[in-house]
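Presented below is the structure to which this report refers.
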Amino acid sequence: MKNKLFSMREVLSGIIFITTLLFLFVSCSSNQKKQDNIAVVKQAISTNNDLVYLTGDDPLGNNEVRIHYKRNNNDYDNFVVWAWGDDVDFDDSKGWPHGVKLSGKTNFGVYYDLPLKSVKPTSLGFLLVDETKGDAGKDRGDKKFSKLSSFREIYVIEGSDKVFTSADDALKNMK
């Protein structure tokens, strides 16, 4: 895995941002004040030139992989993940194309938490499909990912068979 070097500006911005968040939440005495402070933080994020991606509210379990999915029109109704492979603990008893349902939303798009059989998985195969359309509802073809030992959150964009390991890389490839 590559190490990213951060500029002094990025480090200081991060420290200031985290300190501000801590101050705002620690100093709250009422629910209304918390809501006001959240509004201030959202405004700060939206006016910042740097992109911030939240990976999901729920922590990822040891035996899970999180598949983030971004569609151009943000229409995720009926989309599920159909998965396969030795490391995947996927219940396919309902049959094709009824897969893993949406787990949550982020500012990247949506995500699906897929259970795994082991805490040391290596690979999986999957595709995203509109379960009401079956084969006609597939978003491109089969996707394969063989770096689960290093990455447990992966990113997929509409219209691509490529699997990305960061939101930034995925968004750079959006059409």
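Chains: A, B, ... in order of the structure tokens. Residues: from 1 per chain. Ligands: from 1, in order shown.
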Exercise. Quick one: everything within 10 Å of Ile154 of chain A, counting only C-alpha atoms, minus sequence neighbours fewer than 2 positions away in the same chain. Send it as a list in words.
Key: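 So the residues in contact are Val65, Arg66, Ile67, His68, Tyr69, Tyr111, Phe145, Lys147, Leu148, Phe151, Arg152, Val156, Val163, Phe164, Thr165, Ser166, Ala167 and Ala170 of chain A.
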Selection from above, N, CA and C atoms, as a short mmCIF file (atom, residue, chain, number, x, y, z; two decimals), in the first residue's frame, can you write it?
```cif
data_model
loop_
_atom_site.label_atom_id
_atom_site.label_comp_id
_atom_site.auth_asym_id
_atom_site.auth_seq_id
_atom_site.Cartn_x
_atom_site.Cartn_y
_atom_site.Cartn_z
N VAL A 65 -16.99 -6.60 3.65
CA VAL A 65 -16.41 -5.67 2.70
C VAL A 65 -17.51 -4.67 2.35
N ARG A 66 -17.15 -3.40 2.23
CA ARG A 66 -18.11 -2.36 1.88
C ARG A 66 -17.89 -1.98 0.42
N ILE A 67 -18.95 -2.13 -0.37
CA ILE A 67 -18.90 -1.78 -1.79
C ILE A 67 -19.67 -0.48 -1.97
N HIS A 68 -18.95 0.58 -2.30
CA HIS A 68 -19.56 1.89 -2.57
C HIS A 68 -19.95 1.94 -4.04
N TYR A 69 -21.08 2.55 -4.33
CA TYR A 69 -21.59 2.59 -5.70
C TYR A 69 -22.10 3.99 -6.01
N TYR A 111 -23.81 2.45 -0.34
CA TYR A 111 -22.90 1.34 -0.09
C TYR A 111 -23.65 0.10 0.33
N PHE A 145 -12.34 -8.41 -7.65
CA PHE A 145 -11.41 -7.67 -6.80
C PHE A 145 -10.60 -8.67 -5.99
N LYS A 147 -7.82 -7.84 -3.87
CA LYS A 147 -6.95 -7.21 -2.87
C LYS A 147 -7.68 -7.00 -1.54
N LEU A 148 -8.55 -7.94 -1.19
CA LEU A 148 -9.31 -7.79 0.07
C LEU A 148 -8.41 -7.84 1.29
N PHE A 151 -7.63 -3.98 1.22
CA PHE A 151 -8.72 -3.01 1.11
C PHE A 151 -10.05 -3.66 1.42
N ARG A 152 -10.79 -3.09 2.38
CA ARG A 152 -12.12 -3.60 2.72
C ARG A 152 -13.22 -2.65 2.29
N VAL A 156 -17.19 1.57 -6.91
CA VAL A 156 -17.60 1.23 -8.26
C VAL A 156 -18.46 2.38 -8.79
N VAL A 163 -12.85 -1.63 -10.57
CA VAL A 163 -13.06 -1.47 -9.12
C VAL A 163 -11.94 -0.58 -8.60
N PHE A 164 -12.32 0.46 -7.86
CA PHE A 164 -11.37 1.44 -7.35
C PHE A 164 -11.20 1.27 -5.84
N THR A 165 -10.07 1.72 -5.31
CA THR A 165 -9.81 1.62 -3.88
C THR A 165 -9.97 2.95 -3.16
N SER A 166 -10.38 3.99 -3.89
CA SER A 166 -10.65 5.28 -3.24
C SER A 166 -11.76 6.00 -4.00
N ALA A 167 -12.49 6.83 -3.27
CA ALA A 167 -13.56 7.62 -3.89
C ALA A 167 -12.99 8.59 -4.91
N ALA A 170 -12.25 6.83 -8.15
CA ALA A 170 -13.50 6.49 -8.85
C ALA A 170 -14.10 7.71 -9.52
#
```
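Put simply, atom CA of Val81 of chain A is 5.0 Å away from atom CA of Val100 of chain A.
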Self-check item: Distance of atom CA of Ser118 of chain A from atom CA of Ser160 of chain A, expressed in Å to one decimal place
Solution: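 Between these atoms lies a distance of 27.9 Å.
Straight-line separation from atom CA of Asn107 of chain A to atom CA of Glu64 of chain A: 20.8 Å.
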Practice problem: Would you please extract all strand (DSSP E or B) residues from segment 103-171 of chain A, as assigned by DSSP on the backbone, and give them as a PyMOL selection string? | Solution: chain A and resi 104-105+110-116+124-130+138+143-145+153-157+164
Write a file of the selected residues as a short mmCIF file (atom, residue, chain, number, x, y, z; two decimals), in the first residue's frame, keeping C-alpha atoms.
```
data_model
loop_
_atom_site.label_atom_id
_atom_site.label_comp_id
_atom_site.auth_asym_id
_atom_site.auth_seq_id
_atom_site.Cartn_x
_atom_site.Cartn_y
_atom_site.Cartn_z
CA GLY A 104 -26.57 3.03 3.60
CA LYS A 105 -25.85 6.31 1.83
CA VAL A 110 -24.62 4.35 -1.62
CA TYR A 111 -22.90 1.34 -0.09
CA TYR A 112 -23.53 -2.34 0.41
CA ASP A 113 -21.96 -4.28 3.30
CA LEU A 114 -21.23 -7.77 2.08
CA PRO A 115 -20.53 -10.54 4.63
CA LEU A 116 -17.35 -12.58 4.25
CA LEU A 124 -14.54 -11.72 -4.57
CA GLY A 125 -16.57 -11.41 -7.72
CA PHE A 126 -19.70 -9.28 -7.89
CA LEU A 127 -21.96 -7.19 -10.02
CA LEU A 128 -24.59 -4.55 -9.42
CA VAL A 129 -28.00 -5.24 -10.83
CA ASP A 130 -31.51 -3.83 -10.76
CA LYS A 138 -26.91 -5.30 -14.90
CA LYS A 143 -16.40 -7.16 -11.43
CA LYS A 144 -13.50 -8.87 -9.71
CA PHE A 145 -11.41 -7.67 -6.80
CA GLU A 153 -13.83 -0.58 1.17
CA ILE A 154 -14.03 -0.49 -2.60
CA TYR A 155 -15.68 1.89 -5.06
CA VAL A 156 -17.60 1.23 -8.26
CA ILE A 157 -19.06 3.76 -10.67
CA PHE A 164 -11.37 1.44 -7.35
#
```
Self-check item: Selected residue, from A:Lys120, A:Lys133, A:Leu60, A:Phe108, that lies nearest to Asp77 of chain A when counting only C-alpha atoms
Solution: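 Smallest distance to Asp77 of chain A is found for A:Lys133.
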Exercise. Rank A:Thr106, A:Thr122, A:Glu158, A:Ser150 by their smallest atom-to-atom distance to Leu171 of chain A, using only C-alpha atoms, and report the top residue only.
Key: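 Checking each candidate against Leu171 of chain A, we get A:Glu158 as the closest.
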